[in-house]
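The next block holds one structure in the form of structure tokens; read it before the comments.
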Amino acid sequence: MAYYVLAKGFALRGWKMLPFGLRYPNPRLTDFFDQENYKVVYAMDGQHDVIEENLTEKQKALLKRLIDLKIALPVDGPSHLEPYQEYHSYPAMYKNSAHWSITGQCNYKCRHCFMSAPDYTGSHQSMEQIRHILDQLEICGIRSLSLTGGEPLIHPNFPEILDEIAKRHMELETIYSNGALVNEKLMDELEKRKIRTTFHMSFDGVGWHDWLRGMDGAEEVVARAFKLAKERGYHTSSSMCLHRHNIGTLRETIRFLADLGLYHLKMNVATPTGRWKRETEHFITRDEAYQAILDYLPQYVEDGIPMSVQFGILIDFNKEGKYVVIPGAKYSGTEDAPRSLSCGAVRNSIYISPKGMVLPCMTLGGTAIESKFDNMLEKPLSGILSDSYYRDMSLLKMGACIEHNEKCRGCPYRLTCGAGCRACACGVTGTDYLGVDEEICHFFKGGWYDKAQEAVEKYKDIFAEETTQGE
């Protein structure tokens with residue numbers, strides 16, 4: 001006789017349309033199986049005598065994998081799983097994380113804020129609303145959170161919010177902040193609750209951060225916050241919005257952030273939305289930004305690739321994963337590409353606005369299309385994830401976007417770009433979720449994709465060389 005139980009942290013789970021799941025200790029990881037193989041996974045409950053000769057070849061291979069990975073542990077006789085490991089089915093489609101604006105207010109006056117947070121007149125989400133949202137996330141099996149705003153740390157009940165998150169055994173993956181309130185007291189509150197998170201704090205160029213953030217001393221403040229987070233053992237990352245003035249600081253800025261211990265930087269051209277649409281004299285075209293990035297890349301490599309950087313949709317150098325790719329080329333380029341989901345981000349995550357709206361992503365907040373979506377303070381999240389405009393958009397296939405747009409149907413790039421980002425296609429005033437993302441269209445048709453391919457070809461082996469030299 002052979003009995004097995006799941007290792008600590010693993011649990012049997014199911015969702016609508018995906019009933020056969022194995023949840024990992026990492027809150028973002030769940031494996032899904034067909035019914036035949038799930039019989040093996042389900043038998044890891046200490047109650048089933050697993051007779052290997054009765055298994056199919058596929059089932060035998062899966063059993064071996066579970067044992068080799070120490071997901072399934074042998075026991076001497078009939079046993080039991082911990083209560084949390086037993087099978088549970090959630091009343092909604094699968095999502096593993098939520099990006100949540102707990103307030104729309106901010107203590108900074110950023111020129112480029114697409115949410116216009118400095119002008120936000122709404123209140124913070126109340127603790128009653130906070131608890132309600134957390135309960136809804138728990139009911140739907142969402143275990144990973146990131147908190148943003150506005151500025152989340154100005155919420156007067158932030159420590160209490162941490163308590164509510166910890167009480168539900170959820171993981172606070174990232175805090176998005178401007179850094180002004182990232183201090184020893186906050187670190188103490190996190191450590192008291194055994195919360196280990198990543199601090200993502202924007203930095204907009206050496207010498208230009210104060211100007212863009214509308215606050216004197218902001219650059220010094222965020223640098224101090226990065227140093228403190230590193231000293232206390234927290235991961236840090238950043239975003240940079242490119243404009244006419246900071247585009248020339250790429251080398252200095254990346255060196256500066258790398259010295260502060262950041263592991264990742266993502267940059268994009270500041271888009272003309274929110275407050276920034278009034279700042280036309282400071283705009284930089286995407287062509288200018290792409291060319292500046294390509295001109296800088298030899299220096300980036302010469303400096304030893306100080307940190308991972310995603311240079312917008314142009315090129316992404318990932319030191320941890322040891323790869324160089326083109327973010328703008330989201331799809332395979334093969335004939336099966338149209339069956340891919342139109343948005344990879346919405347597949348696993350939801351965004352919750354300061355008012356409780358459930359959206360595919362933060363960028364859609366405050367736009368014309370927002371009114372088409374539901375509010376989880378008014379409708380149960382399980383209902384939103386089961387029957388709603390959001391649910392339909394979550395399942396939208398890339399091929400539907402191509403068919404919807406005449407200019408896409410005969411385009412040679414259609415199986416690689418997939419009509420681009422859904423939020424960018426909508427813009428601020430549009431409501432056509434299936435429309436064309438003009439930025440990605442220009443990226444491909446304007447020749448930048450070809451130049452990005454040349455750069456990838458040039459630098460694709462850089463991490464392999466680095467590994468060889470290290471050995």
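By convention here, the chains of the structure tokens are called A, B, ... in the order presented, each chain's residues are numbered starting at 1, and ligands are numbered starting at 1 in the order presented.
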Sorted by chain and rising residue number, list the residues of segment 55-113 of chain A at most 7 Å from segment 139-158 of chain A (counting only C-alpha atoms), each with its closest atom pair and distance in Å to one decimal, as a tab-separated table.
```
residue	atom	partner	partner_atom	distance
A:Tyr90	CA	A:Cys140	CA	5.5
A:Pro91	CA	A:Cys140	CA	6.3
A:Ala92	CA	A:Cys140	CA	5.9
A:Lys95	CA	A:Ile142	CA	6.1
A:Asn96	CA	A:Ile142	CA	4.8
A:Ser97	CA	A:Ser144	CA	4.5
A:Ala98	CA	A:Leu145	CA	5.0
A:His99	CA	A:Ser146	CA	4.9
A:Trp100	CA	A:Leu147	CA	5.1
A:Ser101	CA	A:Gly149	CA	4.3
A:Ile102	CA	A:Gly149	CA	5.8
A:Thr103	CA	A:Gly149	CA	5.0
A:Gly104	CA	A:Gly150	CA	4.4
A:Gln105	CA	A:Gly150	CA	4.7
A:Cys106	CA	A:Gly150	CA	4.7
A:Asn107	CA	A:Glu151	CA	6.9
```
Write out, as a compact mmCIF listing (two decimals), in the first residue's frame, the residues just selected, with N, CA, C and O atoms.
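Writing the result to result.txt gives the following:
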```txt
# COMPACT_ATOMS: atom_id res chain seq x y z
N TYR A 90 -13.92 27.78 -5.32
CA TYR A 90 -14.28 29.20 -5.20
C TYR A 90 -15.36 29.55 -6.23
O TYR A 90 -15.34 29.07 -7.36
N PRO A 91 -16.30 30.43 -5.86
CA PRO A 91 -17.45 30.74 -6.72
C PRO A 91 -17.16 31.82 -7.76
O PRO A 91 -17.95 32.74 -7.96
N ALA A 92 -16.02 31.72 -8.43
CA ALA A 92 -15.63 32.77 -9.39
C ALA A 92 -14.56 32.23 -10.32
O ALA A 92 -13.99 31.16 -10.10
N LYS A 95 -8.42 34.22 -10.30
CA LYS A 95 -7.53 35.37 -10.23
C LYS A 95 -6.60 35.13 -9.05
O LYS A 95 -7.03 34.61 -8.02
N ASN A 96 -5.34 35.51 -9.18
CA ASN A 96 -4.43 35.26 -8.05
C ASN A 96 -3.97 36.51 -7.33
O ASN A 96 -3.35 36.42 -6.26
N SER A 97 -4.26 37.70 -7.89
CA SER A 97 -3.76 38.91 -7.23
C SER A 97 -4.67 40.10 -7.51
O SER A 97 -5.44 40.11 -8.47
N ALA A 98 -4.55 41.10 -6.63
CA ALA A 98 -5.32 42.34 -6.78
C ALA A 98 -4.39 43.53 -6.58
O ALA A 98 -3.60 43.56 -5.62
N HIS A 99 -4.47 44.48 -7.48
CA HIS A 99 -3.75 45.76 -7.38
C HIS A 99 -4.79 46.77 -6.92
O HIS A 99 -5.77 47.02 -7.63
N TRP A 100 -4.59 47.38 -5.77
CA TRP A 100 -5.69 48.04 -5.05
C TRP A 100 -5.31 49.45 -4.63
O TRP A 100 -4.37 49.65 -3.87
N SER A 101 -6.08 50.42 -5.11
CA SER A 101 -5.93 51.81 -4.66
C SER A 101 -6.81 52.01 -3.43
O SER A 101 -8.02 52.13 -3.55
N ILE A 102 -6.19 52.05 -2.25
CA ILE A 102 -6.96 52.21 -1.02
C ILE A 102 -7.33 53.67 -0.77
O ILE A 102 -8.13 53.97 0.12
N THR A 103 -6.77 54.57 -1.56
CA THR A 103 -7.14 55.98 -1.52
C THR A 103 -6.80 56.61 -2.86
O THR A 103 -5.91 56.14 -3.57
N GLY A 104 -7.51 57.67 -3.20
CA GLY A 104 -7.18 58.43 -4.40
C GLY A 104 -6.40 59.69 -4.07
O GLY A 104 -5.96 60.41 -4.96
N GLN A 105 -6.22 59.94 -2.78
CA GLN A 105 -5.51 61.15 -2.34
C GLN A 105 -4.00 60.94 -2.36
O GLN A 105 -3.52 59.81 -2.29
N CYS A 106 -3.28 62.07 -2.42
CA CYS A 106 -1.82 62.00 -2.46
C CYS A 106 -1.23 63.21 -1.76
O CYS A 106 -1.84 64.29 -1.71
N ASN A 107 -0.02 63.05 -1.22
CA ASN A 107 0.69 64.14 -0.55
C ASN A 107 1.69 64.82 -1.47
O ASN A 107 2.43 65.70 -1.03
```
Give me, as an mmCIF file with C-alpha atoms, in the first residue's frame, all polymer residues having an atom no more than 7 Å from segment 243-246 of chain A, counting only C-alpha atoms and skipping those fewer than 5 positions away in the same chain.
```cif
data_model
loop_
_atom_site.group_PDB
_atom_site.id
_atom_site.type_symbol
_atom_site.label_atom_id
_atom_site.label_comp_id
_atom_site.auth_asym_id
_atom_site.auth_seq_id
_atom_site.Cartn_x
_atom_site.Cartn_y
_atom_site.Cartn_z
ATOM 1 C CA GLY A 205 15.717 61.188 -13.301
ATOM 2 C CA TRP A 208 14.527 66.163 -12.405
ATOM 3 C CA VAL A 269 7.097 57.923 -22.040
ATOM 4 C CA ALA A 270 4.815 60.128 -19.930
ATOM 5 C CA HIS A 282 7.677 69.175 -21.898
ATOM 6 C CA PHE A 283 6.507 66.274 -24.086
ATOM 7 C CA ILE A 284 8.953 63.984 -25.861
#
```
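One distance worth recording is that between atom CA of His200 of chain A and atom CA of Ser239 of chain A, which is 7.7 Å.
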Q) When DSSP works through the backbone of this structure, what residues of segment 396-449 of chain A end up as helix (DSSP H, G or I), shown as an NGL selection string? A) :A and (398-404 or 406-409 or 414-417 or 422-426 or 438-445 or 448-449)
Filtering to C-alpha atoms, could you give me those residues as an mmCIF file, in the first residue's frame?
```
data_model
loop_
_atom_site.group_PDB
_atom_site.id
_atom_site.type_symbol
_atom_site.label_atom_id
_atom_site.label_comp_id
_atom_site.auth_asym_id
_atom_site.auth_seq_id
_atom_site.Cartn_x
_atom_site.Cartn_y
_atom_site.Cartn_z
ATOM 1 C CA MET A 398 -6.503 38.587 -29.255
ATOM 2 C CA GLY A 399 -8.055 37.353 -32.490
ATOM 3 C CA ALA A 400 -11.251 39.251 -31.696
ATOM 4 C CA CYS A 401 -9.260 42.496 -31.626
ATOM 5 C CA ILE A 402 -7.721 41.756 -35.004
ATOM 6 C CA GLU A 403 -11.093 40.967 -36.559
ATOM 7 C CA HIS A 404 -12.624 44.094 -35.031
ATOM 8 C CA GLU A 406 -9.957 46.658 -40.454
ATOM 9 C CA LYS A 407 -6.417 48.051 -40.406
ATOM 10 C CA CYS A 408 -5.252 44.976 -38.460
ATOM 11 C CA ARG A 409 -6.682 42.218 -40.625
ATOM 12 C CA ARG A 414 -0.984 41.364 -36.451
ATOM 13 C CA LEU A 415 0.052 37.997 -34.979
ATOM 14 C CA THR A 416 2.853 39.628 -32.993
ATOM 15 C CA CYS A 417 1.269 42.869 -31.765
ATOM 16 C CA ARG A 422 -6.393 47.387 -24.442
ATOM 17 C CA ALA A 423 -6.096 50.373 -22.092
ATOM 18 C CA CYS A 424 -4.013 52.306 -24.630
ATOM 19 C CA ALA A 425 -6.579 51.469 -27.301
ATOM 20 C CA CYS A 426 -9.287 53.109 -25.199
ATOM 21 C CA GLU A 438 -1.837 53.465 -32.026
ATOM 22 C CA GLU A 439 1.433 53.488 -30.084
ATOM 23 C CA ILE A 440 2.096 49.819 -30.767
ATOM 24 C CA CYS A 441 0.977 50.285 -34.370
ATOM 25 C CA HIS A 442 3.596 53.004 -34.841
ATOM 26 C CA PHE A 443 6.193 50.879 -33.023
ATOM 27 C CA PHE A 444 5.874 48.144 -35.635
ATOM 28 C CA LYS A 445 5.097 50.131 -38.768
ATOM 29 C CA TRP A 448 11.190 50.472 -34.242
ATOM 30 C CA TYR A 449 10.384 46.782 -33.958
#
```
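The coordinates place atom CA of Ala223 of chain A at 17.2 Å from atom CA of Lys185 of chain A.
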**Q.** strand (DSSP E) residues, from DSSP on the backbone, in segment 161-286 of chain A, as a PyMOL selection string
**A.** chain A and resi 171-177+198-201+235-242+264-269
Q) Counting only C-alpha atoms, what is within 12 Å of Glu53 of chain A, bar same-chain residues fewer than 5 positions away, as a PyMOL selection string? A) chain A and resi 1-2+59-60+63
Q. Suppose you want the space between atom CA of His112 of chain A and atom CA of Tyr263 of chain A; what is it in Å?
A. 24.3 Å
